[in-house]
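One file, query-v9.txt, carrying compact mmCIF, C-alpha atoms (C1' of nucleotides):
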# COMPACT_ATOMS: atom_id res chain seq x y z
CA MET A 24 36.12 8.67 22.85
CA GLN A 25 33.46 11.35 22.42
CA THR A 26 30.26 10.18 24.01
CA ALA A 27 27.84 10.94 21.20
CA GLU A 28 27.21 11.50 17.48
CA ASN A 29 27.66 7.90 16.47
CA TYR A 30 23.94 7.26 16.65
CA ASP A 31 24.13 7.16 12.88
CA GLN A 32 25.82 3.78 12.89
CA ALA A 33 23.89 2.75 15.98
CA PHE A 34 20.45 3.14 14.46
CA ASN A 35 21.59 1.37 11.36
CA ALA A 36 23.00 -1.46 13.46
CA LEU A 37 19.82 -2.02 15.45
CA GLY A 38 17.75 -1.81 12.30
CA ASP A 39 18.60 -5.42 11.53
CA PRO A 40 16.57 -8.06 13.43
CA THR A 41 19.47 -10.48 13.78
CA ARG A 42 21.65 -7.78 15.27
CA ARG A 43 18.89 -6.79 17.64
CA ALA A 44 18.64 -10.42 18.67
CA ILE A 45 22.36 -10.46 19.43
CA PHE A 46 22.07 -7.17 21.26
CA GLU A 47 19.26 -8.57 23.38
CA LYS A 48 21.17 -11.74 24.15
CA LEU A 49 23.98 -9.67 25.58
CA GLN A 50 21.58 -7.95 27.91
CA GLN A 51 21.86 -10.91 30.23
CA GLY A 52 25.62 -10.64 30.35
CA PRO A 53 28.86 -11.12 28.38
CA LEU A 54 29.03 -14.00 25.92
CA SER A 55 31.57 -15.55 23.58
CA VAL A 56 30.92 -15.60 19.85
CA VAL A 57 29.92 -19.26 19.70
CA HIS A 58 27.58 -18.76 22.59
CA ILE A 59 25.92 -15.88 20.82
CA ALA A 60 25.59 -17.87 17.62
CA ASP A 61 24.19 -20.83 19.49
CA GLY A 62 20.44 -20.22 19.46
CA LEU A 63 20.42 -18.01 16.39
CA PRO A 64 19.15 -19.19 13.00
CA VAL A 65 22.27 -17.97 11.18
CA SER A 66 25.80 -19.31 10.84
CA ARG A 67 28.67 -18.32 13.07
CA PRO A 68 30.46 -16.27 10.38
CA ALA A 69 27.25 -14.30 9.93
CA VAL A 70 27.30 -13.57 13.64
CA SER A 71 30.92 -12.48 13.38
CA GLN A 72 29.99 -9.99 10.71
CA HIS A 73 27.13 -8.64 12.77
CA LEU A 74 29.35 -8.30 15.80
CA LYS A 75 31.73 -6.17 13.78
CA VAL A 76 28.89 -3.80 12.89
CA LEU A 77 27.68 -3.63 16.48
CA LYS A 78 31.19 -2.99 17.70
CA GLU A 79 31.80 -0.15 15.27
CA ALA A 80 28.47 1.34 16.31
CA LYS A 81 29.82 1.23 19.87
CA LEU A 82 26.84 -0.83 20.96
CA ILE A 83 29.04 -3.66 22.16
CA SER A 84 32.67 -4.07 23.09
CA ILE A 85 34.81 -7.12 22.53
CA GLN A 86 37.78 -8.24 24.53
CA GLN A 87 40.07 -11.12 23.73
CA GLN A 88 40.53 -13.94 26.24
CA GLY A 89 42.85 -16.44 24.70
CA THR A 90 41.09 -17.71 21.62
CA ARG A 91 37.74 -16.46 22.85
CA SER A 92 36.15 -13.12 22.01
CA ILE A 93 34.00 -12.03 24.90
CA CYS A 94 31.29 -9.57 23.88
CA GLU A 95 29.32 -7.30 26.15
CA LEU A 96 27.07 -4.27 25.91
CA ASN A 97 28.76 -0.91 25.53
CA LYS A 98 26.84 1.88 27.15
CA GLU A 99 28.37 4.49 24.89
CA GLY A 100 26.32 3.66 21.82
CA ILE A 101 23.19 3.11 23.84
CA LEU A 102 23.62 6.48 25.51
CA ALA A 103 24.17 8.17 22.16
CA MET A 104 20.87 6.84 20.84
CA ARG A 105 19.05 7.74 24.00
CA ASN A 106 20.37 11.27 23.86
CA TYR A 107 19.35 11.59 20.25
CA LEU A 108 15.84 10.38 20.99
CA ASP A 109 15.50 12.46 24.10
CA LYS A 110 15.92 15.58 22.07
CA PHE A 111 13.01 14.55 19.87
CA TRP A 112 11.07 13.38 22.82
CA ASP A 113 11.36 16.74 24.53
CA ASP A 114 10.59 18.68 21.38
CA ALA A 115 7.70 16.43 20.51
CA LEU A 116 6.38 16.86 24.00
CA GLU A 117 6.51 20.62 23.64
CA ALA A 118 4.83 20.46 20.27
CA PHE A 119 2.12 18.19 21.56
CA LYS A 120 1.52 20.32 24.60
CA ALA A 121 1.08 23.32 22.36
CA LEU A 122 -1.15 21.38 20.02
CA ALA A 123 -3.24 20.01 22.83
CA GLU A 124 -3.80 23.47 24.22
CA LYS A 125 -4.74 24.79 20.82
CA GLU A 126 -7.19 21.98 20.24
CA GLU A 127 -8.62 22.47 23.67
CA ARG A 128 -9.29 26.05 22.81
CA LEU A 129 -10.89 25.00 19.56
CA ASP A 130 -12.99 22.37 21.29
CA ASN A 131 -14.34 24.96 23.64
CA ASN A 132 -15.76 26.99 20.79
CA MET B 12 -3.03 1.67 19.44
CA GLN B 13 -0.74 -0.09 21.92
CA THR B 14 2.05 2.21 22.96
CA ALA B 15 5.00 -0.06 22.36
CA GLU B 16 6.51 -3.08 20.58
CA ASN B 17 6.79 -1.46 17.19
CA TYR B 18 10.38 -0.48 17.83
CA ASP B 19 11.23 -3.15 15.31
CA GLN B 20 10.02 -1.04 12.42
CA ALA B 21 11.14 2.12 14.17
CA PHE B 22 14.81 1.17 14.40
CA ASN B 23 14.76 0.00 10.83
CA ALA B 24 13.17 3.27 9.75
CA LEU B 25 15.76 5.47 11.48
CA GLY B 26 18.56 3.28 10.17
CA ASP B 27 18.39 5.07 6.87
CA PRO B 28 20.13 8.47 6.71
CA THR B 29 17.57 10.03 4.39
CA ARG B 30 14.76 9.02 6.70
CA ARG B 31 16.64 10.40 9.66
CA ALA B 32 17.04 13.65 7.76
CA ILE B 33 13.29 13.78 7.21
CA PHE B 34 12.68 12.92 10.84
CA GLU B 35 14.97 15.73 11.92
CA LYS B 36 13.32 18.22 9.62
CA LEU B 37 10.01 17.51 11.28
CA GLN B 38 11.49 18.32 14.64
CA GLN B 39 10.94 21.99 13.92
CA GLY B 40 7.29 21.43 13.18
CA PRO B 41 4.78 19.96 10.70
CA LEU B 42 5.62 20.12 7.01
CA SER B 43 4.02 19.18 3.73
CA VAL B 44 5.63 16.59 1.49
CA VAL B 45 7.06 19.08 -0.99
CA HIS B 46 8.48 21.13 1.83
CA ILE B 47 10.17 18.06 3.23
CA ALA B 48 11.58 17.13 -0.15
CA ASP B 49 12.79 20.67 -0.74
CA GLY B 50 16.29 20.65 0.71
CA LEU B 51 16.88 16.94 0.36
CA PRO B 52 19.14 15.45 -2.31
CA VAL B 53 16.50 12.95 -3.44
CA SER B 54 13.37 13.19 -5.56
CA ARG B 55 9.90 13.79 -4.23
CA PRO B 56 8.67 10.25 -4.92
CA ALA B 57 11.61 8.95 -2.91
CA VAL B 58 10.48 11.13 -0.04
CA SER B 59 6.96 9.80 -0.41
CA GLN B 60 8.25 6.26 -0.04
CA HIS B 61 10.29 7.16 3.01
CA LEU B 62 7.31 8.87 4.59
CA LYS B 63 5.32 5.69 4.21
CA VAL B 64 7.97 3.76 6.12
CA LEU B 65 8.17 6.38 8.85
CA LYS B 66 4.40 6.42 9.13
CA GLU B 67 4.14 2.65 9.47
CA ALA B 68 6.85 2.78 12.12
CA LYS B 69 4.64 5.28 13.93
CA LEU B 70 7.43 7.82 13.95
CA ILE B 71 5.34 10.36 12.06
CA SER B 72 1.67 10.89 11.39
CA ILE B 73 0.14 12.32 8.25
CA GLN B 74 -3.09 14.20 7.89
CA GLN B 75 -4.70 15.32 4.69
CA GLN B 76 -5.46 18.99 4.15
CA GLY B 77 -6.96 19.35 0.73
CA THR B 78 -4.29 18.15 -1.66
CA ARG B 79 -1.57 18.57 0.96
CA SER B 80 -0.24 15.87 3.22
CA ILE B 81 0.89 17.45 6.42
CA CYS B 82 3.46 15.36 8.30
CA GLU B 83 4.44 15.70 11.91
CA LEU B 84 6.30 13.74 14.53
CA ASN B 85 4.38 10.98 16.27
CA LYS B 86 5.46 10.51 19.83
CA GLU B 87 4.27 6.91 19.88
CA GLY B 88 7.16 5.47 17.89
CA ILE B 89 9.68 7.68 19.60
CA LEU B 90 8.43 6.55 22.98
CA ALA B 91 8.58 2.89 21.95
CA MET B 92 12.26 3.22 21.03
CA ARG B 93 13.04 5.12 24.17
CA ASN B 94 11.40 2.47 26.30
CA TYR B 95 13.30 -0.24 24.50
CA LEU B 96 16.62 1.52 25.03
CA ASP B 97 15.85 2.41 28.63
CA LYS B 98 15.68 -1.27 29.49
CA PHE B 99 19.17 -1.77 28.11
CA TRP B 100 20.34 1.44 29.59
CA ASP B 101 19.31 0.41 33.08
CA ASP B 102 20.77 -3.05 32.73
CA ALA B 103 23.97 -1.72 31.26
CA LEU B 104 24.21 0.80 34.05
CA GLU B 105 23.98 -1.95 36.62
CA ALA B 106 26.60 -4.00 34.85
CA PHE B 107 28.94 -1.05 34.52
CA LYS B 108 28.51 -0.01 38.07
CA ALA B 109 29.56 -3.47 39.14
CA LEU B 110 32.45 -3.43 36.69
CA ALA B 111 33.60 0.02 37.74
CA GLU B 112 33.66 -1.00 41.37
CA LYS B 113 35.61 -4.09 40.54
CA GLU B 114 38.14 -2.11 38.51
CA GLU B 115 38.41 0.47 41.23
CA ARG B 116 39.34 -2.23 43.65
CA LEU B 117 41.92 -3.52 41.21
CA ASP B 118 43.33 -0.05 40.62
CA ASN B 119 43.88 0.46 44.30
CA ASN B 120 46.19 -2.51 44.45
C1' DA C 17 -13.15 25.07 -18.12
C1' DC C 18 -8.16 25.18 -17.76
C1' DT C 19 -4.15 25.07 -15.56
C1' DT C 20 -1.18 24.61 -11.77
C1' DA C 21 0.31 22.49 -7.36
C1' DC C 22 0.40 18.40 -4.67
C1' DG C 23 1.50 13.80 -4.03
C1' DG C 24 0.76 8.64 -4.40
C1' DT C 25 2.01 4.49 -7.20
C1' DA C 26 4.26 1.50 -10.75
C1' DA C 27 8.18 -0.30 -13.11
C1' DG C 28 12.88 -0.62 -13.60
C1' DT C 29 17.71 -0.44 -11.97
C1' DA C 30 22.03 -0.20 -9.49
C1' DA C 31 23.96 -0.76 -5.13
C1' DA C 32 23.92 -2.47 -0.57
C1' DT C 33 23.08 -6.09 2.55
C1' DG C 34 22.75 -10.50 4.84
C1' DC C 35 23.76 -14.89 4.20
C1' DT C 36 26.36 -19.03 2.83
C1' DT C 37 30.59 -22.21 2.32
C1' DA C 38 35.42 -22.60 2.32
C1' DC C 39 39.50 -21.51 4.27
C1' DC C 40 43.04 -20.14 7.60
C1' DA C 41 45.41 -18.65 11.92
C1' DA C 42 45.91 -19.01 16.79
C1' DT C 43 45.28 -20.73 21.30
C1' DA C 44 43.90 -24.77 24.30
C1' DA C 45 43.56 -29.51 25.43
C1' DC C 46 45.11 -34.03 25.15
C1' DG D 23 53.22 -32.92 18.63
C1' DT D 24 48.70 -33.67 17.34
C1' DT D 25 43.99 -32.55 17.57
C1' DA D 26 40.08 -29.82 18.75
C1' DT D 27 37.98 -25.06 19.69
C1' DT D 28 37.47 -20.58 18.57
C1' DG D 29 36.61 -17.14 15.39
C1' DG D 30 38.06 -13.88 11.63
C1' DT D 31 38.06 -13.22 6.52
C1' DA D 32 37.24 -13.94 1.52
C1' DA D 33 34.34 -14.96 -2.37
C1' DG D 34 30.00 -15.62 -4.20
C1' DC D 35 25.03 -15.29 -4.29
C1' DA D 36 20.20 -13.96 -3.60
C1' DT D 37 17.41 -10.60 -1.76
C1' DT D 38 16.37 -6.17 -0.34
C1' DT D 39 16.56 -1.46 -0.71
C1' DA D 40 16.87 3.25 -2.19
C1' DC D 41 16.51 5.59 -5.98
C1' DT D 42 14.96 7.12 -10.65
C1' DT D 43 11.42 8.47 -14.38
C1' DA D 44 6.86 8.19 -15.96
C1' DC D 45 2.26 8.46 -15.03
C1' DC D 46 -2.21 9.47 -12.98
C1' DG D 47 -5.74 11.36 -9.83
C1' DT D 48 -7.34 15.09 -7.02
C1' DA D 49 -7.96 19.56 -5.19
C1' DA D 50 -7.05 24.84 -5.80
C1' DG D 51 -6.35 28.89 -8.18
C1' DT D 52 -7.39 31.68 -12.17
Would you give me this structure, written as structure tokens?
Amino acid sequence: MQTAENYDQAFNALGDPTRRAIFEKLQQGPLSVVHIADGLPVSRPAVSQHLKVLKEAKLISIQQQGTRSICELNKEGILAMRNYLDKFWDDALEAFKALAEKEERLDNN
Amino acid sequence: MQTAENYDQAFNALGDPTRRAIFEKLQQGPLSVVHIADGLPVSRPAVSQHLKVLKEAKLISIQQQGTRSICELNKEGILAMRNYLDKFWDDALEAFKALAEKEERLDNN
DNA sequence: ACTTACGGTAAGTAAATGCTTACCAATAAC
DNA sequence: GTTATTGGTAAGCATTTACTTACCGTAAGT
């Protein structure tokens, strides 16, 4: 259950608009599969397939309750992506600071 | 030049492993197209196409220097993704805090 | 002027992807 | 026990996507 390094699957998962829609629906709280499929413009089996991808990307978790599959956000995948981006964010910030200073120097000439 | 809401393209862009590789290469600093293509297992035209996607997702910016196209990270797209994730992160954190407390109570029984 | 380096674009192709319908198994409700 | 709900899976299909080679234009180096 390592906390990171699955951002690979995670970015791929959120690259699809339907999956992002599902992801966003779950932001309000746990939902069953039919509930998730309810407002969406795709069939329930399509949703099932998307849920599988999101689950393997550790962006959601699914627990069985009788015949229902209750889905909810999984912070692990979200954290992995955030960590990945933070690295770039920090580095980019450094780079831009340096660049800004350089340009400032140039502007003053 | 609004700062956000292009995470749609951004997630899609980083969903591809080759594009992530390019993105990561640029973390160390600006590079020309041929330099980017150098270590990668795909052809230069393929890189060109990927760069276009990354540029439109505002994850990189490209400036012309003679015949060279110098690419560098663009903090705009990175920030947009971070902001998007932060919303989920905060919400998920709330949800998990509540869950953790509930489970703690159950564990103590 | 000629040649070399750089890189964007077009056309074609093979593989991946997102979707559908059809089907089936399992639990819940009556 | 029978019927409805829930949802996973398989097969097939259409589109998208990531790649290739071929080509062309432009700027630099000689």
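Near chain C, within 8 Å and counting all atoms listed in the file, the residues of chain B are B:Val44, B:Val45, B:Ser59, B:Thr78, B:Arg79, B:Ser80.
Compared by their closest atoms to chain D, and using all atoms listed in the file, the residues A:Lys110, A:Lys75, A:Lys98, A:Arg43 rank with A:Lys75 nearest.
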Mind listing whatever residues come within 9 Å of the point (13.0, 8.0, -8.2)? Use all atoms listed in the file, file coordinates, and give them as a PDB file with C-alpha atoms (C1' of nucleotides), keeping the file's coordinate frame.
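Once everything was written out, this is part.pdb:
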ATOM      1  CA  VAL B  53      16.500  12.950  -3.440  1.00  0.00           C
ATOM      2  CA  SER B  54      13.370  13.190  -5.560  1.00  0.00           C
ATOM      3  CA  ARG B  55       9.900  13.790  -4.230  1.00  0.00           C
ATOM      4  CA  PRO B  56       8.670  10.250  -4.920  1.00  0.00           C
ATOM      5  CA  ALA B  57      11.610   8.950  -2.910  1.00  0.00           C
TER       6      ALA B  57
ATOM      7  C1'  DA D  40      16.870   3.250  -2.190  1.00  0.00           C
ATOM      8  C1'  DC D  41      16.510   5.590  -5.980  1.00  0.00           C
ATOM      9  C1'  DT D  42      14.960   7.120 -10.650  1.00  0.00           C
ATOM     10  C1'  DT D  43      11.420   8.470 -14.380  1.00  0.00           C
TER      11       DT D  43
END
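When only C-alpha atoms (C1' of nucleotides) are used to measure the gap to chain A, the shortest distance among D:DC35, D:DT27, D:DC46, D:DG51 belongs to D:DT27.
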Open item on the list: Distance limit 6 Å, atoms considered: only C-alpha atoms. Which chain A residues sit that close to chain B? Return them as a list in words.
Closed with: Phe34, Asn35 and Gly38 of chain A
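Taking atom CA of A:Gly62 as the reference point, atom CA of A:Thr41 is found at 11.3 Å.
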TODO: Compile the contact shell of B:Ile81 as number ranges by chain: residues with an atom at most 7 Å away, counting only C-alpha atoms (C1' of nucleotides), same-chain residues fewer than 4 positions apart removed.
DONE: B: 41-44, 73-76
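For the pair atom CA of A:Lys48 and atom CA of A:Leu63, the separation is 10.0 Å.
Between chain B and the residues D:DA44, D:DA36, D:DA26, D:DA49, the shortest atom-to-atom distance, using all atoms listed in the file, involves D:DA49.
Taking atom CA of A:Asn29 as the reference point, atom CA of A:Ala103 is found at 6.7 Å.
With only C-alpha atoms (C1' of nucleotides) as the atoms that count, the minimum distance from chain D to the choices A:Lys78, A:His73, A:Pro64, A:Gly89 is reached by A:Gly89.
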Task: Which residue of B:Ala32, B:Ala68, B:Cys82, B:Val58 approaches chain D most closely, using only C-alpha atoms (C1' of nucleotides) - done: B:Val58
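Any residue of chain D with an atom within 10 Å of chain A counts; using all atoms listed in the file, that gives D:DT27, D:DT28, D:DG29, D:DG30, D:DT31.
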